[in-house]
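For reference, query.csv is printed below; it contains CSV, C-alpha atoms.
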chain,number,residue,atom,x,y,z
F,1,MET,CA,91.2,-99.8,-85.3
F,2,SER,CA,91.2,-98.5,-81.7
F,3,ALA,CA,88.2,-98.5,-79.4
F,4,LEU,CA,86.5,-95.2,-78.8
F,5,THR,CA,86.9,-93.4,-75.5
F,6,ILE,CA,84.0,-92.7,-73.3
F,7,ASP,CA,84.3,-89.0,-74.2
F,8,GLU,CA,84.1,-89.8,-77.9
F,9,VAL,CA,81.1,-92.0,-77.5
F,10,ALA,CA,79.4,-89.3,-75.4
F,11,LYS,CA,80.0,-86.7,-78.1
F,12,GLN,CA,78.6,-89.0,-80.7
F,13,ILE,CA,75.4,-90.1,-79.0
F,14,GLY,CA,75.0,-87.7,-76.1
F,15,PRO,CA,72.8,-85.1,-77.9
F,16,GLU,CA,70.5,-87.9,-79.2
F,17,VAL,CA,70.2,-89.4,-75.7
F,18,ALA,CA,69.5,-86.0,-74.2
F,19,ARG,CA,66.7,-85.3,-76.7
F,20,ALA,CA,65.2,-88.7,-76.1
F,21,PHE,CA,65.1,-88.3,-72.3
F,22,ALA,CA,64.4,-84.6,-72.0
F,23,PRO,CA,60.6,-84.8,-71.9
F,24,TYR,CA,60.9,-87.3,-69.0
F,25,PHE,CA,63.4,-85.2,-67.1
F,26,LEU,CA,61.2,-82.1,-67.6
F,27,GLU,CA,58.1,-83.9,-66.3
F,28,GLU,CA,59.9,-84.9,-63.2
F,29,LEU,CA,61.3,-81.4,-62.7
F,30,ARG,CA,57.9,-79.9,-63.0
F,31,ARG,CA,56.8,-81.9,-59.9
F,32,THR,CA,59.6,-80.4,-57.7
F,33,PRO,CA,58.8,-77.6,-55.3
F,34,GLU,CA,61.6,-75.6,-56.7
F,35,PHE,CA,60.1,-75.5,-60.2
F,36,GLN,CA,56.6,-74.9,-58.9
F,37,SER,CA,57.6,-72.0,-56.7
F,38,ARG,CA,58.6,-70.1,-59.8
F,39,ARG,CA,55.0,-70.1,-61.1
F,40,PRO,CA,52.9,-67.2,-59.9
F,41,LEU,CA,50.2,-68.5,-57.7
F,42,SER,CA,46.7,-67.1,-57.5
F,43,SER,CA,44.7,-66.8,-54.3
F,44,ASP,CA,41.6,-67.3,-56.6
F,45,TYR,CA,43.1,-70.7,-57.6
F,46,ASP,CA,43.3,-70.1,-61.4
F,47,PRO,CA,43.9,-73.3,-63.5
F,48,GLY,CA,47.7,-73.0,-63.1
F,49,THR,CA,47.5,-72.7,-59.3
F,50,CYS,CA,45.1,-75.6,-59.1
F,51,ALA,CA,47.5,-77.8,-61.1
F,52,THR,CA,50.4,-76.8,-58.9
F,53,TYR,CA,48.3,-77.4,-55.8
F,54,LEU,CA,47.6,-81.0,-56.8
F,55,THR,CA,51.1,-82.1,-57.8
F,56,GLN,CA,52.4,-82.9,-54.3
F,57,LEU,CA,49.2,-84.7,-53.1
F,58,GLY,CA,49.2,-88.5,-52.9
F,59,ASP,CA,47.1,-90.6,-55.3
F,60,ASP,CA,44.5,-91.5,-52.6
F,61,VAL,CA,44.1,-87.9,-51.6
F,62,VAL,CA,43.7,-86.8,-55.3
F,63,ILE,CA,41.0,-89.5,-55.8
F,64,ARG,CA,39.1,-88.4,-52.7
F,65,SER,CA,39.6,-84.7,-53.7
F,66,ASP,CA,38.0,-85.5,-57.0
F,67,LYS,CA,34.8,-86.5,-55.2
F,68,PHE,CA,35.0,-83.6,-52.7
F,69,PHE,CA,35.4,-80.9,-55.3
F,70,ALA,CA,32.9,-82.4,-57.7
F,71,ALA,CA,30.3,-82.3,-55.0
F,72,LEU,CA,31.2,-78.7,-54.1
F,73,ALA,CA,31.0,-77.7,-57.8
F,74,ARG,CA,27.7,-79.5,-58.2
F,75,ASP,CA,25.9,-78.6,-55.0
F,76,GLY,CA,27.8,-75.6,-53.7
F,77,GLU,CA,28.4,-77.2,-50.3
F,78,ILE,CA,28.7,-80.5,-48.5
F,79,ASP,CA,28.5,-81.4,-44.8
F,80,SER,CA,30.7,-83.8,-42.9
F,81,VAL,CA,28.2,-86.6,-42.8
F,82,ALA,CA,27.6,-86.5,-46.6
F,83,LEU,CA,31.4,-86.2,-47.2
F,84,THR,CA,32.1,-89.2,-45.0
F,85,LYS,CA,29.7,-91.3,-47.1
F,86,LEU,CA,31.0,-89.9,-50.3
F,87,ILE,CA,34.7,-90.8,-49.8
F,88,GLY,CA,34.0,-93.9,-47.8
F,89,ALA,CA,35.5,-92.7,-44.5
F,90,LYS,CA,34.6,-94.6,-41.3
F,91,SER,CA,33.3,-91.5,-39.5
F,92,PRO,CA,33.3,-87.7,-39.8
F,93,LYS,CA,36.2,-87.7,-37.4
F,94,ALA,CA,38.2,-89.6,-40.0
F,95,LEU,CA,37.8,-86.9,-42.6
F,96,SER,CA,40.9,-85.0,-41.5
F,97,GLY,CA,43.2,-88.1,-41.8
F,98,ASN,CA,41.6,-89.1,-45.1
F,99,LEU,CA,41.4,-85.8,-46.9
F,100,THR,CA,41.2,-82.4,-45.3
F,101,SER,CA,44.5,-82.3,-43.4
F,102,ALA,CA,46.4,-83.0,-46.5
F,103,LEU,CA,44.5,-80.3,-48.5
F,104,LYS,CA,45.0,-77.7,-45.7
F,105,LYS,CA,48.7,-78.6,-45.4
F,106,ARG,CA,49.2,-78.2,-49.2
F,107,ALA,CA,47.5,-74.8,-49.2
F,108,ARG,CA,49.7,-73.7,-46.3
F,109,SER,CA,52.8,-74.9,-48.0
F,110,LEU,CA,52.0,-72.7,-51.0
F,111,GLY,CA,51.0,-69.7,-48.9
F,112,LEU,CA,47.4,-69.9,-50.0
F,113,GLU,CA,44.1,-69.9,-48.3
F,114,ARG,CA,42.1,-73.2,-48.3
F,115,PRO,CA,40.4,-73.8,-51.6
F,116,TRP,CA,36.9,-73.7,-50.0
F,117,ASP,CA,35.0,-71.7,-47.4
F,118,GLU,CA,34.2,-73.3,-44.0
F,119,PRO,CA,31.6,-71.2,-42.2
F,120,PRO,CA,31.2,-71.7,-38.5
F,121,ASN,CA,28.6,-74.3,-37.5
F,122,VAL,CA,28.1,-75.8,-34.1
F,123,HIS,CA,26.6,-79.1,-35.3
F,124,ARG,CA,28.5,-80.2,-38.4
F,125,THR,CA,31.4,-79.0,-40.4
F,126,ILE,CA,30.2,-77.6,-43.8
F,127,TRP,CA,32.5,-76.9,-46.7
F,128,ARG,CA,31.3,-74.4,-49.3
F,129,ASP,CA,32.5,-73.6,-52.8
F,130,ARG,CA,34.2,-70.3,-53.1
F,131,SER,CA,33.4,-68.3,-56.2
F,132,GLY,CA,33.4,-71.3,-58.6
F,133,LEU,CA,36.8,-72.4,-57.5
F,134,ALA,CA,35.5,-76.0,-57.0
F,135,LEU,CA,34.8,-76.4,-60.7
F,136,ARG,CA,38.3,-75.2,-61.6
F,137,MET,CA,39.8,-77.6,-59.1
F,138,SER,CA,37.6,-80.4,-60.3
F,139,GLU,CA,38.9,-79.9,-63.9
F,140,ALA,CA,42.5,-79.8,-62.7
F,141,ILE,CA,42.0,-83.0,-60.7
F,142,LYS,CA,40.7,-84.8,-63.8
F,143,ALA,CA,43.8,-83.7,-65.7
F,144,GLU,CA,46.1,-84.7,-62.8
F,145,ARG,CA,44.4,-88.1,-62.6
F,146,GLN,CA,44.8,-88.7,-66.3
F,147,LYS,CA,48.4,-87.7,-66.1
F,148,ARG,CA,49.0,-90.1,-63.2
F,149,GLY,CA,46.8,-92.9,-64.6
F,150,ILE,CA,44.6,-93.1,-61.5

Here is the file; what I need is its structure written in the form of structure tokens.
Amino acid sequence: MSALTIDEVAKQIGPEVARAFAPYFLEELRRTPEFQSRRPLSSDYDPGTCATYLTQLGDDVVIRSDKFFAALARDGEIDSVALTKLIGAKSPKALSGNLTSALKKRARSLGLERPWDEPPNVHRTIWRDRSGLALRMSEAIKAERQKRGI
């Protein structure tokens, strides 16, 4: 009785191994920019666009985004002082490093506008929900957090 060659072993168990690992490979591929760029993106941030938008954000930003978009969905707007308290930033100046720069950069990388309105204000920055987008984003964040276990 001779030992099997690696090619013979691969032919025997390869398909079973591939089927067992396929869901994991697919999940990892879905996180790559190449895969995501094939999805049509909506400037209105439909649920698919919201999901794509969130995939490349870090866990901490996703957690802070959850609070930000929930507040926008609930109240329609939030100012820099309230957002600072909400996410636990040290000051309003720290908001960009803790949240908004990452969100703006992600929108830019996808060729999208920011997922909020930011009307001019000389005293405080104010973020406003845009056409119910915050609720869609909030729902997508909850799904993303569940998927990541955060």

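Across F:Ile141, F:Leu133, F:Ala18, F:Ile6, the tightest approach to Leu54 in chain F is made by F:Ile141 when counting only C-alpha atoms.
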
*asked:* Considering all atoms listed in the file, can you say which of F:Asn98, F:Thr5, F:Ser109, F:Gln12 comes closest to Asp59 in chain F?
replied: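 Closest residue, counting all atoms listed in the file: F:Asn98.
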
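Shell of Lys93 in chain F at 12 Å, with all atoms listed in the file counted and residues fewer than 3 places along the chain excluded, is Ser80, Val81, Leu83, Thr84, Ala89, Lys90, Ser96, Gly97, Asn98, Leu99, Thr100, Ser101, Arg124 and Thr125 of chain F.
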
As JSON, what would the box around range 39-53 of chain F look like: edges along x, y and z, 4 Å added on every side, centre and edge lengths in Å to one decimal?
{"center_x": 48.3, "center_y": -72.3, "center_z": -58.9, "size_x": 21.4, "size_y": 19.0, "size_z": 17.2}

*For Ala71 in chain F, the nearest of the candidates F:Glu139, F:Glu8, F:Asp117, F:Asp129, counting only C-alpha atoms*: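 Looking at the shortest contact to Ala71 in chain F, the residue is F:Asp129.
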
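In this comparison, which uses all atoms listed in the file, the residue of F:Ala22, F:Pro47, F:Ser42, F:Leu86 approaching Asp66 in chain F most closely is F:Leu86.
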
*Quote the spacing between CA of Pro115 in chain F and CA of Ala73 in chain F in Å to one decimal place.*
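The value is 11.9 Å.
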
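One finds CA of Thr55 in chain F at 7.5 Å from CA of Glu144 in chain F.
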
_Please report the interatomic distance between CA of Lys142 in chain F and CA of Ala94 in chain F in Å with one decimal._
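That distance, rounded to one decimal, is 24.4 Å.
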
_Restricting the calculation to only C-alpha atoms: of F:Ala10, F:Leu4, F:Leu57, F:Ala134, which residue gets closest to Asp75 in chain F?_
F:Ala134

*Selected residue of minimal separation from Tyr53 in chain F among F:Glu118, F:Arg136, F:Trp127, F:Lys67, counting only C-alpha atoms*: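 Among the listed residues, F:Arg136 lies closest to Tyr53 in chain F.
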